[in-house]
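final00.txt (compact mmCIF, N, CA and C atoms) appears below.
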# COMPACT_ATOMS: atom_id res chain seq x y z
N MET Z 156 36.55 48.74 -174.63
CA MET Z 156 37.19 49.85 -173.97
C MET Z 156 38.67 49.85 -174.34
N ASN Z 157 39.15 51.06 -174.56
CA ASN Z 157 40.58 51.27 -174.76
C ASN Z 157 41.04 52.33 -173.77
N PHE Z 158 42.29 52.23 -173.34
CA PHE Z 158 42.80 53.26 -172.45
C PHE Z 158 44.29 53.42 -172.66
N LYS Z 159 44.76 54.58 -172.21
CA LYS Z 159 46.19 54.87 -172.30
C LYS Z 159 46.55 55.76 -171.12
N LYS Z 160 47.66 55.41 -170.45
CA LYS Z 160 48.20 56.30 -169.43
C LYS Z 160 48.98 57.36 -170.18
N ILE Z 161 48.58 58.61 -170.04
CA ILE Z 161 49.22 59.67 -170.82
C ILE Z 161 50.21 60.48 -170.02
N SER Z 162 50.21 60.29 -168.70
CA SER Z 162 51.15 61.06 -167.88
C SER Z 162 51.34 60.37 -166.53
N GLU Z 163 52.54 60.52 -165.99
CA GLU Z 163 52.81 60.11 -164.62
C GLU Z 163 53.91 61.03 -164.09
N VAL Z 164 53.53 61.90 -163.17
CA VAL Z 164 54.45 62.87 -162.60
C VAL Z 164 54.27 62.89 -161.09
N ASP Z 165 55.33 62.63 -160.35
CA ASP Z 165 55.30 62.66 -158.88
C ASP Z 165 54.16 61.83 -158.30
N GLY Z 166 53.94 60.66 -158.87
CA GLY Z 166 52.92 59.76 -158.36
C GLY Z 166 51.51 60.04 -158.86
N GLN Z 167 51.33 61.10 -159.62
CA GLN Z 167 50.02 61.43 -160.17
C GLN Z 167 49.93 60.87 -161.59
N LYS Z 168 49.00 59.96 -161.80
CA LYS Z 168 48.82 59.34 -163.11
C LYS Z 168 47.57 59.91 -163.77
N THR Z 169 47.66 60.10 -165.08
CA THR Z 169 46.51 60.54 -165.86
C THR Z 169 46.25 59.53 -166.96
N TYR Z 170 45.00 59.08 -167.03
CA TYR Z 170 44.58 58.12 -168.04
C TYR Z 170 43.50 58.73 -168.93
N VAL Z 171 43.48 58.32 -170.18
CA VAL Z 171 42.35 58.57 -171.07
C VAL Z 171 41.73 57.21 -171.33
N VAL Z 172 40.42 57.13 -171.08
CA VAL Z 172 39.68 55.88 -171.23
C VAL Z 172 38.56 56.14 -172.23
N VAL Z 173 38.49 55.32 -173.27
CA VAL Z 173 37.47 55.48 -174.31
C VAL Z 173 36.59 54.23 -174.32
N LEU Z 174 35.32 54.43 -174.01
CA LEU Z 174 34.37 53.32 -174.01
C LEU Z 174 33.73 53.17 -175.38
N ASP Z 175 33.36 51.94 -175.69
CA ASP Z 175 32.78 51.60 -176.99
C ASP Z 175 31.26 51.54 -176.93
N THR Z 176 30.65 51.57 -178.11
CA THR Z 176 29.21 51.43 -178.24
C THR Z 176 28.74 50.17 -177.52
N LYS Z 177 27.64 50.32 -176.80
CA LYS Z 177 26.95 49.26 -176.05
C LYS Z 177 27.56 48.94 -174.69
N GLU Z 178 28.70 49.54 -174.34
CA GLU Z 178 29.24 49.31 -173.00
C GLU Z 178 28.40 50.07 -171.99
N GLU Z 179 28.22 49.48 -170.82
CA GLU Z 179 27.53 50.19 -169.74
C GLU Z 179 28.61 50.99 -169.01
N ALA Z 180 28.44 52.30 -169.00
CA ALA Z 180 29.52 53.20 -168.59
C ALA Z 180 29.91 53.08 -167.12
N HIS Z 181 28.95 53.06 -166.22
CA HIS Z 181 29.30 53.04 -164.80
C HIS Z 181 30.10 51.79 -164.44
N SER Z 182 29.61 50.64 -164.87
CA SER Z 182 30.31 49.39 -164.52
C SER Z 182 31.66 49.29 -165.23
N ALA Z 183 31.75 49.76 -166.48
CA ALA Z 183 33.02 49.71 -167.20
C ALA Z 183 34.07 50.59 -166.52
N LEU Z 184 33.67 51.79 -166.10
CA LEU Z 184 34.61 52.69 -165.43
C LEU Z 184 35.01 52.14 -164.06
N ALA Z 185 34.06 51.53 -163.34
CA ALA Z 185 34.37 50.93 -162.04
C ALA Z 185 35.34 49.76 -162.20
N THR Z 186 35.12 48.94 -163.22
CA THR Z 186 36.02 47.81 -163.48
C THR Z 186 37.42 48.31 -163.81
N PHE Z 187 37.51 49.34 -164.67
CA PHE Z 187 38.80 49.92 -165.01
C PHE Z 187 39.51 50.41 -163.75
N ALA Z 188 38.80 51.15 -162.91
CA ALA Z 188 39.41 51.71 -161.70
C ALA Z 188 39.89 50.61 -160.77
N THR Z 189 39.12 49.55 -160.63
CA THR Z 189 39.52 48.44 -159.77
C THR Z 189 40.74 47.73 -160.35
N GLU Z 190 40.72 47.46 -161.65
CA GLU Z 190 41.84 46.76 -162.28
C GLU Z 190 43.13 47.57 -162.22
N GLN Z 191 43.02 48.89 -162.29
CA GLN Z 191 44.21 49.75 -162.24
C GLN Z 191 44.62 50.06 -160.80
N GLY Z 192 43.83 49.62 -159.84
CA GLY Z 192 44.14 49.87 -158.44
C GLY Z 192 44.00 51.33 -158.04
N LEU Z 193 43.09 52.05 -158.67
CA LEU Z 193 42.90 53.46 -158.35
C LEU Z 193 42.22 53.60 -156.99
N THR Z 194 42.83 54.37 -156.10
CA THR Z 194 42.30 54.54 -154.75
C THR Z 194 41.91 55.97 -154.43
N ALA Z 195 42.29 56.91 -155.27
CA ALA Z 195 41.92 58.32 -155.10
C ALA Z 195 42.08 58.99 -156.45
N ALA Z 196 40.97 59.35 -157.08
CA ALA Z 196 41.06 59.92 -158.42
C ALA Z 196 39.85 60.80 -158.71
N SER Z 197 40.03 61.68 -159.67
CA SER Z 197 38.90 62.46 -160.19
C SER Z 197 38.66 62.00 -161.62
N ILE Z 198 37.43 62.17 -162.07
CA ILE Z 198 37.06 61.70 -163.39
C ILE Z 198 36.15 62.73 -164.05
N SER Z 199 36.37 62.93 -165.35
CA SER Z 199 35.46 63.75 -166.15
C SER Z 199 35.33 63.08 -167.51
N ALA Z 200 34.14 63.22 -168.10
CA ALA Z 200 33.92 62.55 -169.38
C ALA Z 200 32.87 63.30 -170.20
N ILE Z 201 32.95 63.08 -171.52
CA ILE Z 201 31.94 63.55 -172.46
C ILE Z 201 31.69 62.44 -173.47
N GLY Z 202 30.59 62.53 -174.17
CA GLY Z 202 30.26 61.51 -175.16
C GLY Z 202 28.77 61.46 -175.36
N ALA Z 203 28.23 60.24 -175.49
CA ALA Z 203 26.80 60.09 -175.71
C ALA Z 203 26.32 58.73 -175.25
N PHE Z 204 25.03 58.69 -174.87
CA PHE Z 204 24.37 57.45 -174.46
C PHE Z 204 23.13 57.22 -175.32
N GLU Z 205 22.80 55.95 -175.53
CA GLU Z 205 21.53 55.65 -176.19
C GLU Z 205 20.40 55.63 -175.16
N GLU Z 206 20.75 55.42 -173.91
CA GLU Z 206 19.82 55.53 -172.79
C GLU Z 206 20.64 55.61 -171.52
N ALA Z 207 20.06 56.20 -170.49
CA ALA Z 207 20.79 56.38 -169.24
C ALA Z 207 19.80 56.54 -168.09
N THR Z 208 20.34 56.45 -166.89
CA THR Z 208 19.54 56.72 -165.69
C THR Z 208 20.37 57.58 -164.76
N VAL Z 209 19.78 58.69 -164.34
CA VAL Z 209 20.36 59.51 -163.30
C VAL Z 209 19.40 59.45 -162.11
N GLY Z 210 19.83 59.96 -160.98
CA GLY Z 210 18.97 59.89 -159.81
C GLY Z 210 19.06 61.12 -158.94
N TRP Z 211 18.02 61.26 -158.16
CA TRP Z 211 17.94 62.32 -157.16
C TRP Z 211 17.80 61.64 -155.82
N PHE Z 212 18.71 61.96 -154.86
CA PHE Z 212 18.70 61.26 -153.58
C PHE Z 212 17.62 61.82 -152.67
N ASP Z 213 16.73 60.95 -152.26
CA ASP Z 213 15.63 61.29 -151.35
C ASP Z 213 16.08 60.90 -149.94
N PHE Z 214 16.42 61.90 -149.13
CA PHE Z 214 16.91 61.62 -147.78
C PHE Z 214 15.87 60.95 -146.91
N ALA Z 215 14.59 61.28 -147.10
CA ALA Z 215 13.53 60.66 -146.30
C ALA Z 215 13.46 59.15 -146.55
N ASP Z 216 13.62 58.75 -147.81
CA ASP Z 216 13.55 57.33 -148.18
C ASP Z 216 14.91 56.64 -148.17
N ARG Z 217 15.99 57.45 -148.10
CA ARG Z 217 17.36 56.93 -148.15
C ARG Z 217 17.60 56.11 -149.42
N SER Z 218 17.11 56.62 -150.52
CA SER Z 218 17.29 55.94 -151.80
C SER Z 218 17.23 56.96 -152.93
N TYR Z 219 17.73 56.52 -154.09
CA TYR Z 219 17.70 57.39 -155.26
C TYR Z 219 16.38 57.23 -155.99
N ARG Z 220 15.77 58.35 -156.31
CA ARG Z 220 14.61 58.34 -157.20
C ARG Z 220 15.18 58.35 -158.61
N LYS Z 221 14.89 57.30 -159.35
CA LYS Z 221 15.47 57.16 -160.69
C LYS Z 221 14.80 58.11 -161.68
N ILE Z 222 15.65 58.70 -162.51
CA ILE Z 222 15.20 59.58 -163.59
C ILE Z 222 15.68 58.94 -164.89
N PRO Z 223 14.84 58.16 -165.56
CA PRO Z 223 15.28 57.49 -166.78
C PRO Z 223 15.33 58.46 -167.97
N VAL Z 224 16.34 58.27 -168.79
CA VAL Z 224 16.44 58.99 -170.07
C VAL Z 224 16.42 57.89 -171.13
N THR Z 225 15.31 57.81 -171.83
CA THR Z 225 15.08 56.67 -172.74
C THR Z 225 15.29 57.03 -174.20
N GLU Z 226 16.16 57.99 -174.44
CA GLU Z 226 16.47 58.40 -175.81
C GLU Z 226 17.95 58.73 -175.93
N GLN Z 227 18.42 58.82 -177.14
CA GLN Z 227 19.79 59.23 -177.40
C GLN Z 227 20.04 60.58 -176.73
N CYS Z 228 21.15 60.70 -176.03
CA CYS Z 228 21.46 61.95 -175.34
C CYS Z 228 22.96 62.21 -175.37
N GLU Z 229 23.30 63.47 -175.32
CA GLU Z 229 24.69 63.89 -175.25
C GLU Z 229 25.12 63.94 -173.79
N VAL Z 230 26.30 63.44 -173.50
CA VAL Z 230 26.87 63.58 -172.16
C VAL Z 230 27.56 64.94 -172.15
N LEU Z 231 26.85 65.93 -171.62
CA LEU Z 231 27.39 67.28 -171.58
C LEU Z 231 28.45 67.40 -170.49
N SER Z 232 28.25 66.65 -169.42
CA SER Z 232 29.21 66.64 -168.32
C SER Z 232 29.00 65.38 -167.50
N LEU Z 233 30.06 64.67 -167.26
CA LEU Z 233 30.06 63.53 -166.34
C LEU Z 233 31.29 63.72 -165.47
N ILE Z 234 31.07 64.04 -164.20
CA ILE Z 234 32.19 64.33 -163.31
C ILE Z 234 32.02 63.60 -161.99
N GLY Z 235 33.14 63.40 -161.32
CA GLY Z 235 33.06 62.78 -160.01
C GLY Z 235 34.40 62.33 -159.50
N ASP Z 236 34.33 61.39 -158.55
CA ASP Z 236 35.57 60.91 -157.94
C ASP Z 236 35.53 59.39 -157.79
N ILE Z 237 36.70 58.86 -157.53
CA ILE Z 237 36.89 57.43 -157.30
C ILE Z 237 37.61 57.29 -155.97
N ALA Z 238 37.08 56.42 -155.13
CA ALA Z 238 37.72 56.09 -153.85
C ALA Z 238 37.61 54.58 -153.67
N THR Z 239 38.13 54.07 -152.58
CA THR Z 239 38.00 52.66 -152.28
C THR Z 239 36.77 52.47 -151.41
N GLY Z 240 35.91 51.52 -151.79
CA GLY Z 240 34.70 51.26 -151.04
C GLY Z 240 34.93 50.30 -149.90
N ASP Z 241 33.89 50.07 -149.11
CA ASP Z 241 33.96 49.15 -147.98
C ASP Z 241 34.36 47.74 -148.42
N ASP Z 242 34.05 47.39 -149.68
CA ASP Z 242 34.38 46.05 -150.19
C ASP Z 242 35.80 45.95 -150.75
N GLY Z 243 36.56 47.06 -150.69
CA GLY Z 243 37.93 47.06 -151.19
C GLY Z 243 38.05 47.34 -152.67
N LYS Z 244 36.91 47.47 -153.36
CA LYS Z 244 36.90 47.76 -154.79
C LYS Z 244 36.71 49.25 -155.01
N ALA Z 245 36.92 49.67 -156.26
CA ALA Z 245 36.72 51.08 -156.60
C ALA Z 245 35.26 51.46 -156.41
N SER Z 246 35.05 52.61 -155.78
CA SER Z 246 33.72 53.16 -155.56
C SER Z 246 33.64 54.49 -156.28
N LEU Z 247 32.73 54.58 -157.25
CA LEU Z 247 32.59 55.79 -158.05
C LEU Z 247 31.43 56.63 -157.54
N HIS Z 248 31.64 57.93 -157.47
CA HIS Z 248 30.57 58.88 -157.17
C HIS Z 248 30.55 59.85 -158.35
N LEU Z 249 29.55 59.70 -159.20
CA LEU Z 249 29.50 60.46 -160.45
C LEU Z 249 28.18 61.22 -160.57
N HIS Z 250 28.26 62.42 -161.14
CA HIS Z 250 27.08 63.19 -161.49
C HIS Z 250 27.12 63.46 -162.99
N ALA Z 251 25.94 63.54 -163.61
CA ALA Z 251 25.88 63.75 -165.05
C ALA Z 251 24.84 64.81 -165.41
N VAL Z 252 25.15 65.54 -166.47
CA VAL Z 252 24.19 66.40 -167.13
C VAL Z 252 24.08 65.87 -168.55
N LEU Z 253 22.87 65.48 -168.93
CA LEU Z 253 22.62 64.87 -170.24
C LEU Z 253 21.76 65.80 -171.08
N GLY Z 254 22.19 66.06 -172.32
CA GLY Z 254 21.47 66.93 -173.22
C GLY Z 254 20.55 66.14 -174.15
N LEU Z 255 19.29 66.57 -174.24
CA LEU Z 255 18.30 65.89 -175.08
C LEU Z 255 18.15 66.61 -176.41
N LYS Z 256 17.47 65.97 -177.36
CA LYS Z 256 17.39 66.49 -178.73
C LYS Z 256 16.70 67.85 -178.81
N ASP Z 257 15.86 68.18 -177.85
CA ASP Z 257 15.18 69.48 -177.89
C ASP Z 257 15.96 70.57 -177.15
N GLY Z 258 17.16 70.22 -176.68
CA GLY Z 258 17.99 71.18 -175.97
C GLY Z 258 17.78 71.19 -174.47
N SER Z 259 16.80 70.46 -174.00
CA SER Z 259 16.61 70.38 -172.55
C SER Z 259 17.64 69.42 -171.95
N THR Z 260 17.72 69.40 -170.65
CA THR Z 260 18.70 68.55 -169.97
C THR Z 260 18.04 67.73 -168.87
N ARG Z 261 18.72 66.66 -168.53
CA ARG Z 261 18.39 65.86 -167.35
C ARG Z 261 19.71 65.71 -166.60
N GLY Z 262 19.64 65.78 -165.30
CA GLY Z 262 20.87 65.66 -164.54
C GLY Z 262 20.63 65.05 -163.19
N GLY Z 263 21.72 64.59 -162.60
CA GLY Z 263 21.66 64.02 -161.26
C GLY Z 263 22.80 63.07 -161.03
N HIS Z 264 22.65 62.27 -160.00
CA HIS Z 264 23.63 61.23 -159.67
C HIS Z 264 23.61 60.20 -160.80
N PHE Z 265 24.76 59.91 -161.38
CA PHE Z 265 24.81 58.99 -162.52
C PHE Z 265 24.71 57.55 -162.03
N LEU Z 266 23.68 56.85 -162.49
CA LEU Z 266 23.45 55.45 -162.10
C LEU Z 266 23.89 54.47 -163.18
N ASP Z 267 23.53 54.74 -164.42
CA ASP Z 267 23.95 53.86 -165.53
C ASP Z 267 23.71 54.56 -166.86
N GLY Z 268 24.39 54.04 -167.88
CA GLY Z 268 24.21 54.57 -169.22
C GLY Z 268 24.83 53.65 -170.24
N THR Z 269 24.11 53.41 -171.33
CA THR Z 269 24.61 52.57 -172.42
C THR Z 269 25.24 53.48 -173.47
N VAL Z 270 26.53 53.31 -173.68
CA VAL Z 270 27.30 54.18 -174.57
C VAL Z 270 26.83 54.02 -176.01
N HIS Z 271 26.69 55.17 -176.69
CA HIS Z 271 26.42 55.17 -178.14
C HIS Z 271 26.73 56.56 -178.69
N PRO Z 272 27.74 56.79 -179.44
CA PRO Z 272 28.70 55.82 -179.93
C PRO Z 272 29.96 55.69 -179.07
N THR Z 273 30.25 56.71 -178.21
CA THR Z 273 31.49 56.66 -177.43
C THR Z 273 31.34 57.45 -176.14
N LEU Z 274 32.21 57.17 -175.22
CA LEU Z 274 32.36 57.99 -174.02
C LEU Z 274 33.86 58.14 -173.81
N GLU Z 275 34.32 59.39 -173.71
CA GLU Z 275 35.74 59.69 -173.56
C GLU Z 275 35.97 60.27 -172.17
N ALA Z 276 36.71 59.54 -171.35
CA ALA Z 276 36.92 59.94 -169.95
C ALA Z 276 38.39 60.25 -169.71
N THR Z 277 38.62 61.22 -168.86
CA THR Z 277 39.95 61.51 -168.34
C THR Z 277 39.92 61.25 -166.85
N ILE Z 278 40.84 60.42 -166.40
CA ILE Z 278 40.91 60.04 -164.98
C ILE Z 278 42.28 60.45 -164.47
N VAL Z 279 42.29 61.25 -163.41
CA VAL Z 279 43.53 61.72 -162.80
C VAL Z 279 43.62 61.14 -161.40
N GLU Z 280 44.63 60.29 -161.19
CA GLU Z 280 44.83 59.66 -159.90
C GLU Z 280 45.77 60.50 -159.05
N ALA Z 281 45.38 60.71 -157.82
CA ALA Z 281 46.25 61.40 -156.87
C ALA Z 281 47.11 60.37 -156.16
N PRO Z 282 48.29 60.75 -155.70
CA PRO Z 282 49.18 59.80 -155.01
C PRO Z 282 48.78 59.60 -153.55
N GLY Z 283 47.51 59.39 -153.31
CA GLY Z 283 47.00 59.17 -151.95
C GLY Z 283 45.93 58.11 -151.99
N HIS Z 284 45.26 57.95 -150.88
CA HIS Z 284 44.20 56.95 -150.80
C HIS Z 284 42.97 57.59 -150.15
N LEU Z 285 41.82 57.33 -150.71
CA LEU Z 285 40.56 57.78 -150.14
C LEU Z 285 39.70 56.56 -149.86
N ARG Z 286 38.93 56.63 -148.81
CA ARG Z 286 38.05 55.53 -148.43
C ARG Z 286 36.62 56.04 -148.38
N ARG Z 287 35.73 55.34 -149.05
CA ARG Z 287 34.31 55.69 -149.00
C ARG Z 287 33.64 54.68 -148.07
N ARG Z 288 32.96 55.19 -147.03
CA ARG Z 288 32.31 54.33 -146.04
C ARG Z 288 30.81 54.59 -146.02
N HIS Z 289 30.08 53.50 -145.87
CA HIS Z 289 28.63 53.59 -145.80
C HIS Z 289 28.22 54.31 -144.52
N GLN Z 290 27.38 55.31 -144.67
CA GLN Z 290 26.86 56.08 -143.53
C GLN Z 290 25.44 55.60 -143.26
N LYS Z 291 25.27 54.82 -142.21
CA LYS Z 291 23.96 54.23 -141.91
C LYS Z 291 22.88 55.28 -141.71
N ASP Z 292 23.25 56.41 -141.09
CA ASP Z 292 22.25 57.44 -140.82
C ASP Z 292 21.73 58.11 -142.09
N LEU Z 293 22.55 58.12 -143.14
CA LEU Z 293 22.15 58.75 -144.40
C LEU Z 293 21.70 57.74 -145.45
N GLY Z 294 22.21 56.51 -145.35
CA GLY Z 294 21.87 55.50 -146.33
C GLY Z 294 22.73 55.53 -147.58
N ILE Z 295 23.84 56.27 -147.53
CA ILE Z 295 24.75 56.36 -148.68
C ILE Z 295 26.20 56.28 -148.17
N ALA Z 296 27.11 56.02 -149.11
CA ALA Z 296 28.53 55.97 -148.79
C ALA Z 296 29.18 57.30 -149.13
N LEU Z 297 29.95 57.83 -148.19
CA LEU Z 297 30.64 59.11 -148.38
C LEU Z 297 32.12 58.93 -148.11
N ILE Z 298 32.94 59.79 -148.71
CA ILE Z 298 34.37 59.75 -148.45
C ILE Z 298 34.62 60.09 -147.00
N ASP Z 299 35.42 59.24 -146.35
CA ASP Z 299 35.81 59.42 -144.96
C ASP Z 299 37.27 59.84 -144.95
N ILE Z 300 37.53 61.11 -144.71
CA ILE Z 300 38.91 61.62 -144.75
C ILE Z 300 39.60 61.33 -143.45
Serialized structure, structure tokens:
Amino acid sequence: MNFKKISEVDGQKTYVVVLDTKEEAHSALATFATEQGLTAASISAIGAFEEATVGWFDFADRSYRKIPVTEQCEVLSLIGDIATGDDGKASLHLHAVLGLKDGSTRGGHFLDGTVHPTLEATIVEAPGHLRRRHQKDLGIALIDI
């Protein structure tokens, strides 16, 4: 992974983060956010994965139904936010739309993806703090404003 802070104005920082082939995107971005101390940020990215998993949240089961993508795919859109989780580390909430070779798509909550050949992310930190707290009634963590 390589990154560069490209802007800082009135407490708002903007980073470009480029992931390398074979990096697992979700964990790499979470590690970056934790190491940089990001507590409130938005993220968008494009690139490609050799395989990935997105999910659909089943409220009855309080869990994600995994949707595996077991082929090379284009990251048409990867968007979301970063807040601080209950454990004090960066908590990412990301959604992805992945393009397949036949032009069809798979999308949902982004769970994981192995980069191939790159993933290019822009992360914009706001000069505030957001906290994501686990909601027992829903079974997921949501931003608590």
### Task
Please identify all polymer residues within 5 Å of Leu297 of chain Z, counting only N, CA and C atoms, omitting same-chain residues fewer than 2 positions from it, and present them as a ChimeraX atom specification.
/Z:287-289,295,299
### Message
Measuring between only N, CA and C atoms, which one of Z:Leu255, Z:Leu184, Z:Ala196, Z:Leu285 shows the shortest distance to Val230 of chain Z?
### Response
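Of the candidates, the smallest distance to Val230 of chain Z is held by Z:Leu255.
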### Task
Might you pull out every residue within 12 Å of Ser162 of chain Z, with only C-alpha atoms counted and same-chain residues fewer than 5 positions away left off, and present them as JSON, numbers by chain?
{"Z": [167, 168, 169, 170, 171, 277, 278, 279, 280]}
Restricted to N, CA and C atoms, what would the selected residues look like written as an mmCIF file, keeping the file's coordinate frame?
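Saved the output as selection26.cif:
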data_model
loop_
_atom_site.group_PDB
_atom_site.id
_atom_site.type_symbol
_atom_site.label_atom_id
_atom_site.label_comp_id
_atom_site.auth_asym_id
_atom_site.auth_seq_id
_atom_site.Cartn_x
_atom_site.Cartn_y
_atom_site.Cartn_z
ATOM 1 N N GLN Z 167 51.330 61.100 -159.620
ATOM 2 C CA GLN Z 167 50.020 61.430 -160.170
ATOM 3 C C GLN Z 167 49.930 60.870 -161.590
ATOM 4 N N LYS Z 168 49.000 59.960 -161.800
ATOM 5 C CA LYS Z 168 48.820 59.340 -163.110
ATOM 6 C C LYS Z 168 47.570 59.910 -163.770
ATOM 7 N N THR Z 169 47.660 60.100 -165.080
ATOM 8 C CA THR Z 169 46.510 60.540 -165.860
ATOM 9 C C THR Z 169 46.250 59.530 -166.960
ATOM 10 N N TYR Z 170 45.000 59.080 -167.030
ATOM 11 C CA TYR Z 170 44.580 58.120 -168.040
ATOM 12 C C TYR Z 170 43.500 58.730 -168.930
ATOM 13 N N VAL Z 171 43.480 58.320 -170.180
ATOM 14 C CA VAL Z 171 42.350 58.570 -171.070
ATOM 15 C C VAL Z 171 41.730 57.210 -171.330
ATOM 16 N N THR Z 277 38.620 61.220 -168.860
ATOM 17 C CA THR Z 277 39.950 61.510 -168.340
ATOM 18 C C THR Z 277 39.920 61.250 -166.850
ATOM 19 N N ILE Z 278 40.840 60.420 -166.400
ATOM 20 C CA ILE Z 278 40.910 60.040 -164.980
ATOM 21 C C ILE Z 278 42.280 60.450 -164.470
ATOM 22 N N VAL Z 279 42.290 61.250 -163.410
ATOM 23 C CA VAL Z 279 43.530 61.720 -162.800
ATOM 24 C C VAL Z 279 43.620 61.140 -161.400
ATOM 25 N N GLU Z 280 44.630 60.290 -161.190
ATOM 26 C CA GLU Z 280 44.830 59.660 -159.900
ATOM 27 C C GLU Z 280 45.770 60.500 -159.050
#
### Task
as a PyMOL selection string, please: all residues of segment 176-300 of chain Z that backbone DSSP puts in alpha helix (DSSP H).
chain Z and resi 180-190
### Query
Of the candidates Z:Ser199, Z:Thr194, Z:Thr208, Z:Gln227, which one gets nearest to His284 of chain Z if we count only C-alpha atoms?
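Among Z:Ser199, Z:Thr194, Z:Thr208, Z:Gln227, it is Z:Thr194 that comes nearest to His284 of chain Z.
Relative to atom CA of Asp241 of chain Z, atom CA of Thr269 of chain Z is found at 26.4 Å.
Candidate residues Z:Glu205, Z:Asp242, Z:Asp292, Z:Asp216 were compared for distance to Lys177 of chain Z, and the nearest is Z:Glu205, using only N, CA and C atoms.
For the choices Z:Lys159, Z:Ala207, Z:Ser259, Z:Gly240, the atom-to-atom distance to Glu226 of chain Z is smallest for Z:Ala207 when using all atoms listed in the file.
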#### Entry: Å distance separating atom CA of Ile300 of chain Z from atom N of Val252 of chain Z, one decimal place
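Distance between the two atoms: 26.0 Å.
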### Task
For atom C of Met156 of chain Z and atom C of Phe204 of chain Z, quote the distance in Å rounded to one decimal.
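Spanning atom C of Met156 of chain Z to atom C of Phe204 of chain Z is a straight-line distance of 17.2 Å.
Using all atoms listed in the file, the contacts of Leu193 of chain Z at a cut-off of 6.5 Å, with sequence neighbours closer than 3 positions omitted, comprise Phe187, Ala188, Thr189, Glu190, Ala196, Ile237, Ala238, Thr239 and Ala245 of chain Z.
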### Task
May I have all residues of chain Z that DSSP, computed from the backbone, assigns to strand (DSSP E), given as a PyMOL selection string?
chain Z and resi 157-164+167-174+195-213+218-224+228-239+245-254+260-280+286-290+295-299
### Shell around Ala203 of chain Z at 5 Å using only N, CA and C atoms, local window under 5 positions removed, as JSON, numbers by chain
{"Z": [228, 229, 230, 270, 271, 272, 273, 274]}
#### Entry: Pick from Z:Ala281, Z:Ile222, Z:Val164, Z:Ile234 nearest to Leu247 of chain Z, counting only C-alpha atoms
Z:Ile234
How big is the axis-aligned box, and where does its centre sit, when it encloses all atoms of segment 268-271 of chain Z listed in the file and has 6 Å added on every side, reported in Å to one decimal as JSON?
{"center_x": 25.7, "center_y": 54.6, "center_z": -173.3, "size_x": 15.2, "size_y": 16.0, "size_z": 22.8}
#### Entry: Residues within 5 Å of Ala200 of chain Z, only N, CA and C atoms, excluding chain neighbours under 3 positions, as number ranges by chain
Z: 233, 275-277
